[in-house]
Every structure is written in C-alpha cells, then in structure tokens.
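File shown: work.pdb. Contents: PDB, C-alpha atoms.
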ATOM      1  CA  MET A  75       0.000   0.000   0.000
ATOM      2  CA  LYS A  76       2.804   2.360   0.939
ATOM      3  CA  PHE A  77       4.641   1.471  -2.267
ATOM      4  CA  LYS A  78       1.534   2.249  -4.303
ATOM      5  CA  THR A  79       1.141   5.569  -2.523
ATOM      6  CA  LEU A  80       4.789   6.373  -3.188
ATOM      7  CA  VAL A  81       4.420   5.556  -6.903
ATOM      8  CA  VAL A  82       1.328   7.734  -7.178
ATOM      9  CA  SER A  83       3.100  10.606  -5.406
ATOM     10  CA  VAL A  84       6.154  10.358  -7.637
ATOM     11  CA  PHE A  85       3.966  10.237 -10.771
ATOM     12  CA  ALA A  86       2.031  13.293  -9.613
ATOM     13  CA  ALA A  87       5.239  15.194  -8.911
ATOM     14  CA  LEU A  88       6.637  14.330 -12.339
ATOM     15  CA  SER A  89       3.396  15.370 -14.005
ATOM     16  CA  MET A  90       3.444  18.712 -12.209
ATOM     17  CA  ALA A  91       7.057  19.277 -13.197
ATOM     18  CA  ALA A  92       6.283  18.448 -16.812
ATOM     19  CA  GLY A  93       3.316  20.813 -16.743
ATOM     20  CA  ALA A  94       5.427  23.602 -15.270
ATOM     21  CA  HIS A  95       8.022  23.104 -17.994
ATOM     22  CA  ALA A  96       5.375  23.222 -20.719
ATOM     23  CA  GLN A  97       4.104  26.540 -19.416
ATOM     24  CA  THR A  98       7.513  28.129 -20.024
ATOM     25  CA  VAL A  99       7.075  27.783 -23.804
ATOM     26  CA  LEU A 100       5.069  30.742 -25.105
ATOM     27  CA  LYS A 101       3.667  30.977 -28.625
ATOM     28  CA  VAL A 102       4.700  34.144 -30.457
ATOM     29  CA  GLY A 103       2.858  35.457 -33.504
ATOM     30  CA  SER A 104       5.077  36.886 -36.268
ATOM     31  CA  THR A 105       4.603  37.532 -39.971
ATOM     32  CA  PRO A 106       6.540  35.897 -42.829
ATOM     33  CA  THR A 107       6.523  39.145 -44.868
ATOM     34  CA  GLY A 108       8.072  42.041 -42.969
ATOM     35  CA  SER A 109      11.842  42.175 -43.569
ATOM     36  CA  PRO A 110      13.902  43.097 -41.646
ATOM     37  CA  PHE A 111      11.519  42.881 -38.658
ATOM     38  CA  THR A 112      10.035  39.451 -39.422
ATOM     39  CA  PHE A 113      10.335  37.293 -42.528
ATOM     40  CA  LEU A 114      10.520  33.698 -43.708
ATOM     41  CA  ASP A 115      14.112  32.558 -44.173
ATOM     42  CA  THR A 116      13.782  30.054 -47.015
ATOM     43  CA  LYS A 117      17.127  28.471 -46.136
ATOM     44  CA  THR A 118      15.996  27.478 -42.646
ATOM     45  CA  ASN A 119      12.228  27.566 -43.295
ATOM     46  CA  SER A 120      11.822  29.598 -40.113
ATOM     47  CA  ILE A 121      10.748  33.138 -39.231
ATOM     48  CA  GLU A 122      13.723  35.436 -38.621
ATOM     49  CA  GLY A 123      14.330  39.164 -38.149
ATOM     50  CA  VAL A 124      14.622  42.013 -35.650
ATOM     51  CA  MET A 125      11.461  41.281 -33.669
ATOM     52  CA  VAL A 126      12.216  37.553 -33.576
ATOM     53  CA  ASP A 127      15.676  38.220 -32.157
ATOM     54  CA  ILE A 128      14.218  40.673 -29.636
ATOM     55  CA  VAL A 129      11.501  38.332 -28.344
ATOM     56  CA  LYS A 130      14.022  35.489 -28.072
ATOM     57  CA  ALA A 131      16.364  37.737 -26.078
ATOM     58  CA  VAL A 132      13.459  38.835 -23.875
ATOM     59  CA  GLY A 133      12.444  35.229 -23.298
ATOM     60  CA  LYS A 134      15.969  34.227 -22.341
ATOM     61  CA  GLU A 135      16.173  37.123 -19.876
ATOM     62  CA  ALA A 136      12.649  36.636 -18.495
ATOM     63  CA  GLY A 137      12.873  32.855 -18.183
ATOM     64  CA  PHE A 138      10.620  31.495 -20.922
ATOM     65  CA  GLU A 139      11.137  29.846 -24.304
ATOM     66  CA  VAL A 140       9.412  31.054 -27.466
ATOM     67  CA  GLN A 141       7.739  29.152 -30.267
ATOM     68  CA  ILE A 142       7.334  31.362 -33.340
ATOM     69  CA  GLU A 143       3.974  30.996 -35.091
ATOM     70  CA  PRO A 144       3.830  32.480 -38.622
ATOM     71  CA  MET A 145       0.586  34.228 -39.623
ATOM     72  CA  ALA A 146      -0.797  37.145 -41.625
ATOM     73  CA  PHE A 147      -0.397  40.567 -40.021
ATOM     74  CA  SER A 148      -4.155  41.110 -39.939
ATOM     75  CA  ALA A 149      -4.591  37.892 -37.901
ATOM     76  CA  LEU A 150      -2.128  38.742 -35.130
ATOM     77  CA  ILE A 151      -4.381  40.537 -32.645
ATOM     78  CA  GLY A 152      -7.283  38.135 -33.150
ATOM     79  CA  SER A 153      -4.964  35.190 -32.578
ATOM     80  CA  LEU A 154      -3.665  36.821 -29.395
ATOM     81  CA  THR A 155      -7.049  37.613 -27.867
ATOM     82  CA  SER A 156      -8.399  34.146 -28.756
ATOM     83  CA  LYS A 157      -5.353  32.579 -27.011
ATOM     84  CA  ARG A 158      -3.951  30.848 -30.086
ATOM     85  CA  ILE A 159      -0.742  32.742 -29.318
ATOM     86  CA  ASP A 160       0.617  34.393 -26.159
ATOM     87  CA  ILE A 161       2.686  37.293 -27.537
ATOM     88  CA  VAL A 162       2.809  39.346 -30.725
ATOM     89  CA  SER A 163       6.300  40.290 -31.888
ATOM     90  CA  ALA A 164       6.116  41.893 -35.323
ATOM     91  CA  ALA A 165       6.248  45.272 -37.066
ATOM     92  CA  MET A 166       3.167  46.420 -35.134
ATOM     93  CA  PHE A 167       2.768  50.025 -34.019
ATOM     94  CA  ILE A 168       1.561  50.844 -30.530
ATOM     95  CA  THR A 169      -1.676  52.753 -31.229
ATOM     96  CA  PRO A 170      -4.565  53.926 -29.009
ATOM     97  CA  GLN A 171      -6.985  51.717 -30.953
ATOM     98  CA  ARG A 172      -4.881  48.596 -30.431
ATOM     99  CA  GLN A 173      -4.270  49.485 -26.786
ATOM    100  CA  GLN A 174      -8.006  49.192 -26.211
ATOM    101  CA  VAL A 175      -7.763  45.508 -27.112
ATOM    102  CA  VAL A 176      -4.266  44.384 -26.083
ATOM    103  CA  SER A 177      -1.398  45.610 -23.897
ATOM    104  CA  PHE A 178       1.972  46.703 -25.266
ATOM    105  CA  SER A 179       5.445  46.590 -23.813
ATOM    106  CA  GLU A 180       7.795  49.537 -23.655
ATOM    107  CA  PRO A 181       8.734  50.713 -27.194
ATOM    108  CA  VAL A 182      11.656  49.010 -28.903
ATOM    109  CA  TYR A 183      11.909  50.971 -32.201
ATOM    110  CA  ARG A 184      10.295  54.037 -33.835
ATOM    111  CA  TYR A 185       9.688  54.972 -37.499
ATOM    112  CA  GLY A 186       7.026  56.062 -40.008
ATOM    113  CA  GLU A 187       5.588  55.059 -43.353
ATOM    114  CA  GLY A 188       7.547  55.145 -46.583
ATOM    115  CA  LEU A 189       6.340  55.790 -50.127
ATOM    116  CA  MET A 190       7.451  53.557 -53.005
ATOM    117  CA  VAL A 191       7.163  54.875 -56.568
ATOM    118  CA  LEU A 192       8.455  53.934 -59.992
ATOM    119  CA  LYS A 193      12.064  54.888 -60.692
ATOM    120  CA  THR A 194      10.823  56.920 -63.643
ATOM    121  CA  ASP A 195       8.729  59.085 -61.292
ATOM    122  CA  ASN A 196      10.906  62.060 -60.360
ATOM    123  CA  LYS A 197       8.320  64.194 -58.591
ATOM    124  CA  ASP A 198       9.357  65.465 -55.152
ATOM    125  CA  TYR A 199       6.591  64.015 -53.004
ATOM    126  CA  LYS A 200       6.490  65.475 -49.512
ATOM    127  CA  SER A 201       2.948  64.776 -48.291
ATOM    128  CA  PHE A 202      -0.398  63.266 -49.287
ATOM    129  CA  ALA A 203      -1.339  66.595 -50.906
ATOM    130  CA  ASP A 204       1.320  65.991 -53.582
ATOM    131  CA  MET A 205      -0.453  62.778 -54.657
ATOM    132  CA  LYS A 206      -3.877  64.107 -55.575
ATOM    133  CA  ASP A 207      -5.857  61.716 -57.804
ATOM    134  CA  MET A 208      -3.204  58.980 -57.638
ATOM    135  CA  THR A 209      -4.029  55.295 -57.167
ATOM    136  CA  VAL A 210      -1.993  53.955 -54.257
ATOM    137  CA  GLY A 211      -1.721  50.779 -52.188
ATOM    138  CA  VAL A 212      -1.412  50.091 -48.470
ATOM    139  CA  GLN A 213      -1.224  46.913 -46.384
ATOM    140  CA  VAL A 214      -4.347  45.751 -44.527
ATOM    141  CA  GLY A 215      -4.141  45.950 -40.753
ATOM    142  CA  THR A 216      -1.407  48.599 -40.592
ATOM    143  CA  ALA A 217      -1.757  51.955 -38.829
ATOM    144  CA  PHE A 218      -1.407  53.657 -42.202
ATOM    145  CA  VAL A 219      -4.732  52.514 -43.685
ATOM    146  CA  GLU A 220      -7.164  54.856 -41.915
ATOM    147  CA  PRO A 221      -5.182  58.119 -42.316
ATOM    148  CA  ILE A 222      -4.548  57.404 -45.994
ATOM    149  CA  GLN A 223      -8.195  56.556 -46.670
ATOM    150  CA  LYS A 224      -9.477  59.555 -44.703
ATOM    151  CA  SER A 225      -7.137  62.025 -46.435
ATOM    152  CA  GLY A 226      -9.530  62.181 -49.378
ATOM    153  CA  VAL A 227      -6.828  63.124 -51.882
ATOM    154  CA  PHE A 228      -6.349  59.798 -53.655
ATOM    155  CA  LYS A 229      -8.288  58.553 -56.668
ATOM    156  CA  GLU A 230      -8.248  55.048 -55.174
ATOM    157  CA  VAL A 231      -6.663  53.328 -52.161
ATOM    158  CA  LYS A 232      -6.146  49.628 -52.814
ATOM    159  CA  LEU A 233      -5.725  47.310 -49.826
ATOM    160  CA  TYR A 234      -3.245  44.435 -49.873
ATOM    161  CA  ASP A 235      -2.881  41.458 -47.541
ATOM    162  CA  ASN A 236       0.912  41.479 -47.765
ATOM    163  CA  PRO A 237       3.797  43.663 -49.018
ATOM    164  CA  PRO A 238       4.886  41.428 -51.955
ATOM    165  CA  ASP A 239       1.465  41.693 -53.639
ATOM    166  CA  MET A 240       1.492  45.476 -53.320
ATOM    167  CA  MET A 241       5.088  45.768 -54.479
ATOM    168  CA  ARG A 242       4.408  43.598 -57.524
ATOM    169  CA  ASP A 243       1.538  45.876 -58.535
ATOM    170  CA  ALA A 244       3.655  48.990 -57.957
ATOM    171  CA  ASN A 245       6.586  47.484 -59.869
ATOM    172  CA  ALA A 246       4.259  46.716 -62.805
ATOM    173  CA  GLY A 247       2.711  50.191 -62.741
ATOM    174  CA  ARG A 248      -0.748  48.964 -61.752
ATOM    175  CA  ILE A 249      -0.670  51.429 -58.845
ATOM    176  CA  GLN A 250       1.241  54.714 -58.796
ATOM    177  CA  GLY A 251       2.595  54.383 -55.284
ATOM    178  CA  GLY A 252       2.664  52.078 -52.297
ATOM    179  CA  PHE A 253       2.730  52.912 -48.596
ATOM    180  CA  MET A 254       4.301  50.618 -46.017
ATOM    181  CA  ASP A 255       6.709  50.596 -43.085
ATOM    182  CA  TYR A 256       9.742  52.535 -44.309
ATOM    183  CA  PRO A 257      12.424  50.144 -42.975
ATOM    184  CA  ILE A 258      10.609  47.141 -44.461
ATOM    185  CA  ALA A 259      10.149  48.744 -47.881
ATOM    186  CA  ALA A 260      13.733  50.018 -48.021
ATOM    187  CA  TYR A 261      15.130  46.635 -46.951
ATOM    188  CA  ILE A 262      13.101  44.696 -49.520
ATOM    189  CA  LEU A 263      14.100  47.026 -52.356
ATOM    190  CA  THR A 264      17.798  46.434 -51.594
ATOM    191  CA  GLN A 265      17.229  42.770 -52.479
ATOM    192  CA  GLY A 266      16.625  43.697 -56.131
ATOM    193  CA  ASN A 267      13.361  41.809 -56.666
ATOM    194  CA  TYR A 268      11.462  44.941 -57.726
ATOM    195  CA  PRO A 269      13.877  46.661 -60.129
ATOM    196  CA  ASN A 270      11.412  49.339 -61.262
ATOM    197  CA  LEU A 271      10.799  50.731 -57.769
ATOM    198  CA  LYS A 272      12.528  53.247 -55.503
ATOM    199  CA  MET A 273      11.768  54.973 -52.229
ATOM    200  CA  ALA A 274      10.534  58.547 -52.568
ATOM    201  CA  GLN A 275      13.317  60.110 -50.495
ATOM    202  CA  SER A 276      11.641  63.530 -50.370
ATOM    203  CA  TYR A 277       8.515  62.120 -48.705
ATOM    204  CA  GLN A 278       7.960  63.041 -45.047
ATOM    205  CA  PRO A 279       6.146  60.408 -42.923
ATOM    206  CA  THR A 280       2.694  61.361 -41.660
ATOM    207  CA  ILE A 281       2.144  58.446 -39.281
ATOM    208  CA  MET A 282       5.040  57.932 -36.873
ATOM    209  CA  GLY A 283       4.864  55.044 -34.459
ATOM    210  CA  SER A 284       6.782  52.799 -32.092
ATOM    211  CA  LEU A 285       6.988  49.020 -32.094
ATOM    212  CA  GLY A 286       6.379  46.974 -28.975
ATOM    213  CA  LEU A 287       5.567  43.408 -27.959
ATOM    214  CA  ALA A 288       1.854  42.799 -27.372
ATOM    215  CA  THR A 289       0.176  40.615 -24.741
ATOM    216  CA  ARG A 290      -3.388  39.981 -23.641
ATOM    217  CA  LYS A 291      -4.685  42.625 -21.240
ATOM    218  CA  GLU A 292      -5.166  40.102 -18.465
ATOM    219  CA  ASP A 293      -1.566  38.841 -18.718
ATOM    220  CA  THR A 294      -0.170  41.611 -16.533
ATOM    221  CA  ALA A 295       2.475  39.418 -14.905
ATOM    222  CA  LEU A 296       3.843  38.400 -18.318
ATOM    223  CA  LEU A 297       3.918  42.021 -19.506
ATOM    224  CA  ASP A 298       5.813  42.994 -16.369
ATOM    225  CA  ARG A 299       8.421  40.284 -17.009
ATOM    226  CA  ILE A 300       8.779  41.434 -20.618
ATOM    227  CA  ASN A 301       9.243  45.078 -19.639
ATOM    228  CA  LYS A 302      11.821  44.246 -16.973
ATOM    229  CA  ALA A 303      13.734  42.193 -19.541
ATOM    230  CA  LEU A 304      13.582  45.027 -22.101
ATOM    231  CA  VAL A 305      14.942  47.527 -19.579
ATOM    232  CA  LYS A 306      17.956  45.305 -18.976
ATOM    233  CA  LEU A 307      18.462  44.506 -22.677
ATOM    234  CA  LYS A 308      18.379  48.213 -23.554
ATOM    235  CA  ALA A 309      20.770  49.083 -20.749
ATOM    236  CA  ASP A 310      23.370  46.444 -21.633
ATOM    237  CA  GLY A 311      23.283  47.233 -25.364
ATOM    238  CA  ALA A 312      21.626  43.984 -26.495
ATOM    239  CA  ILE A 313      18.733  45.758 -28.270
ATOM    240  CA  ASP A 314      21.133  48.109 -30.071
ATOM    241  CA  ALA A 315      23.201  45.101 -31.157
ATOM    242  CA  ILE A 316      20.122  43.427 -32.649
ATOM    243  CA  LEU A 317      19.133  46.619 -34.507
ATOM    244  CA  LYS A 318      22.671  46.978 -35.837
ATOM    245  CA  LYS A 319      22.694  43.349 -36.994
ATOM    246  CA  TRP A 320      19.718  44.124 -39.245
ATOM    247  CA  GLY A 321      20.975  47.511 -40.470
ATOM    248  CA  LEU A 322      18.762  49.657 -38.226
ATOM    249  CA  SER A 323      21.384  50.994 -35.814
ATOM    250  CA  GLY A 324      21.016  54.694 -35.078
ATOM    251  CA  ALA A 325      17.727  54.986 -36.952
TER     252      ALA A 325
END
Show this structure as structure tokens.
Amino acid sequence: MKFKTLVVSVFAALSMAAGAHAQTVLKVGSTPTGSPFTFLDTKTNSIEGVMVDIVKAVGKEAGFEVQIEPMAFSALIGSLTSKRIDIVSAAMFITPQRQQVVSFSEPVYRYGEGLMVLKTDNKDYKSFADMKDMTVGVQVGTAFVEPIQKSGVFKEVKLYDNPPDMMRDANAGRIQGGFMDYPIAAYILTQGNYPNLKMAQSYQPTIMGSLGLATRKEDTALLDRINKALVKLKADGAIDAILKKWGLSGA
C-alpha cells in the first residue's frame, strides 16, 4: 500500500514538473513578410528578423522559451485575444486603438511610413497633398490605412494582404505608389526583386509610431516580465546590437 502511494506521489510530482516546464514555452505570432523585422528565411524555413531576435532575447532574460507561429499581419491581434498565441512580436505600431484591445510593452523601435514609386517618377513628393488623384496601395491591418483613406486626396486606395502583392503591382505600374513601413520597404528594395521601384526620399512620414511586444490585457504578470527584460536589454546594449545586426542601428 505504501509502495503504491509512493508511486502515485512520484507520478504526480513528475506530471506537475512536466506541466510547469510546458508553461515556459510561449507561442509568439510573427509575420513571414516584414523584412527586416520578421520574414521567412527560405534556407531554414523559419521566421527570422529584428522582432524575432528581440523576443528570443526577452524570453531568455525573463525565463521562458518562445515558439514562433507564422501568420498574416491582420490575424495577429485576433490570434492573441483568442489565445492561439501568447505574444505578438512583429512590425506592429503601438496605437490607441490597439491598446483598447491588447497591452503593449515599452517601445523598442520608432519609425514612419515610406512611399514607393516607380524609378521613372521624379516628382518630389512630400505629403499626401502631392499625390492628388493617384491610385496607391497600403497593407491591410497597418496603422497607415485609416489616415490614408481619410485624407480624401487619392483617386483610389487599394488594400493588400501582404507587401509582396502590393510591391508587384507597384513594380508593374498597376498602382502609382505604395505605402508601407519605411524600414521594411527600403530593406526589400535592396534585395533587387522589384527593379522598377525606388523609395521617394523627399517624402515626409505622416504616421510615426513605435513598435512593442503585445500581450493579452489580463496577462499583466507576463507584460511585467517582458518590460523588466527590455529595460535590462536596452541598458546592456543587447537591443542596439540586434538593430545593428539588421541595419537599423542609429535609426
């Protein structure tokens, strides 16, 4: 009887230990189309980039492992609130609208939108007003959609699920310009896959924003661990080293 009790106790202890270990692996939503922040590395068939490196560094500092889950940008918040993932680490701006639904960490990087145009287009674009009656594209789910649509200056604003589709249309001249995260657009164009496109260097961003990791509102303890880790990683230069690795140092 005592032996049986001992066996049961040992089994229960092992089960609890296994359960505790499983809880240290958190699912992180990232997108396969957001270089250099998140993208699919075809050589390793895994999601890589700035925000992947940052969340891995945070996890190591905070004491949890991460499992990267690739998904469309527009599905990130829904997947977080429905508990299919535990953290969002992608090129996602901290906005008041999103903060009503999820919680964000301290900012890790700040930038605005960039404008892509054909290389043959030499107009000095500075603001939306310089693009009256143009047909432009913008990625669904980004903070740029609403301001661009509400500006009222464009002939048409086409919405795209991902950057490659928009960039293909811009490269082929099917739209006259494309708006997306400046660092992502600039990085992709350096790869040479859209030879007819360039960044409009004269353009001044209208929508500036900061990136942060997102958690569910009720996961306050997790957010606290993430923020404490970010404070240390910023202080010891780890965040700067990650930005520099991906060509974003000093931006």
* In Å, how far is it from atom CA of Gln278 of chain A to atom CA of Lys200 of chain A? ->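 A separation of 5.3 Å between them.
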Can you check which parts of segment 133-184 of chain A lie within 9 Å of segment 305-325 of chain A? Per residue, the shortest pair of atoms and distance in Å to one decimal, counting only C-alpha atoms, sorted by chain and number, as a tab-separated table.
residue	atom	partner	partner_atom	distance
A:Glu135	CA	A:Leu307	CA	8.2
A:Glu180	CA	A:Val305	CA	8.5
A:Val182	CA	A:Ile313	CA	7.8
A:Tyr183	CA	A:Ala325	CA	8.5
A:Arg184	CA	A:Ala325	CA	8.1
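Closest approach to Asn196 of chain A among A:Ser153, A:Ser177, A:Ser120, A:Gln275: A:Gln275, based on all atoms listed in the file.
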* **Target residues per the PyMOL selection byres ((chain A and resi 247-257) around 9), formatted as a count of residues only** => 42
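Applied to this file, the PyMOL selection byres ((chain A and resi 161) around 9) selects Leu100, Lys101, Val102, Gly103, Val129, Leu154, Ile159, Asp160, Val162, Ser163, Leu287, Ala288, Thr289 and Arg290 of chain A.
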* To do: Apply the PyMOL selection byres ((chain A and resi 146) around 10) to the file shown and report the selected residues as a PyMOL selection string.
  => chain A and resi 103-107+144-145+147-150+214-215+235-236
* To do: Can you pull out every residue within 9 Å of Ile121 of chain A, counting all atoms listed in the file, but drop anything in the same chain fewer than 2 positions away, and send it as a ChimeraX atom specification?
  => /A:104-106,112-116,118-119,123,126,142-144
* Can you list, as a list in words, every protein, DNA or RNA residue that comes within 10 Å of Ala203 of chain A when you count all atoms listed in the file, leaving out same-chain residues fewer than 5 positions away? ->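 Listed by chain and then number, they are Ser225, Gly226, Val227 and Phe228 of chain A.
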* Atomic distance atom CA of Val99 of chain A - atom CA of Gln141 of chain A, expressed in Å with one decimal ->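 We find that atom CA of Val99 of chain A and atom CA of Gln141 of chain A lie 6.6 Å from each other.
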* Hey, which of A:Tyr268, A:Phe178, A:Phe167, A:Tyr199 ends up closest to Lys291 of chain A? Count all atoms listed in the file. ->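 Once distances to Lys291 of chain A are computed over all atoms listed in the file, the minimum belongs to A:Phe178.
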Let me know the centre plus edge lengths, in Å and rounded to one decimal, of a box with edges along x, y and z that contains all listed atoms of segment 231-250 of chain A and is padded by 6 Å on every side, as AutoDock Vina command-line options.
--center_x 0.0 --center_y 48.1 --center_z -55.2 --size_x 25.2 --size_y 25.3 --size_z 27.3
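Reported to one decimal place, the separation of atom CA of Gly286 of chain A from atom CA of Ala136 of chain A is 16.0 Å.
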* **Using only C-alpha atoms: which of A:Ala131, A:Met125, A:Val140, A:Leu271 has the shortest distance to Lys193 of chain A** => A:Leu271
* To do: Select, from A:Ile281, A:Ile168, A:Val231, A:Leu263, the residue with the minimum atom-to-atom distance to Pro181 of chain A, counting all atoms listed in the file.
  =>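 Closest to Pro181 of chain A of all the choices is A:Ile168.
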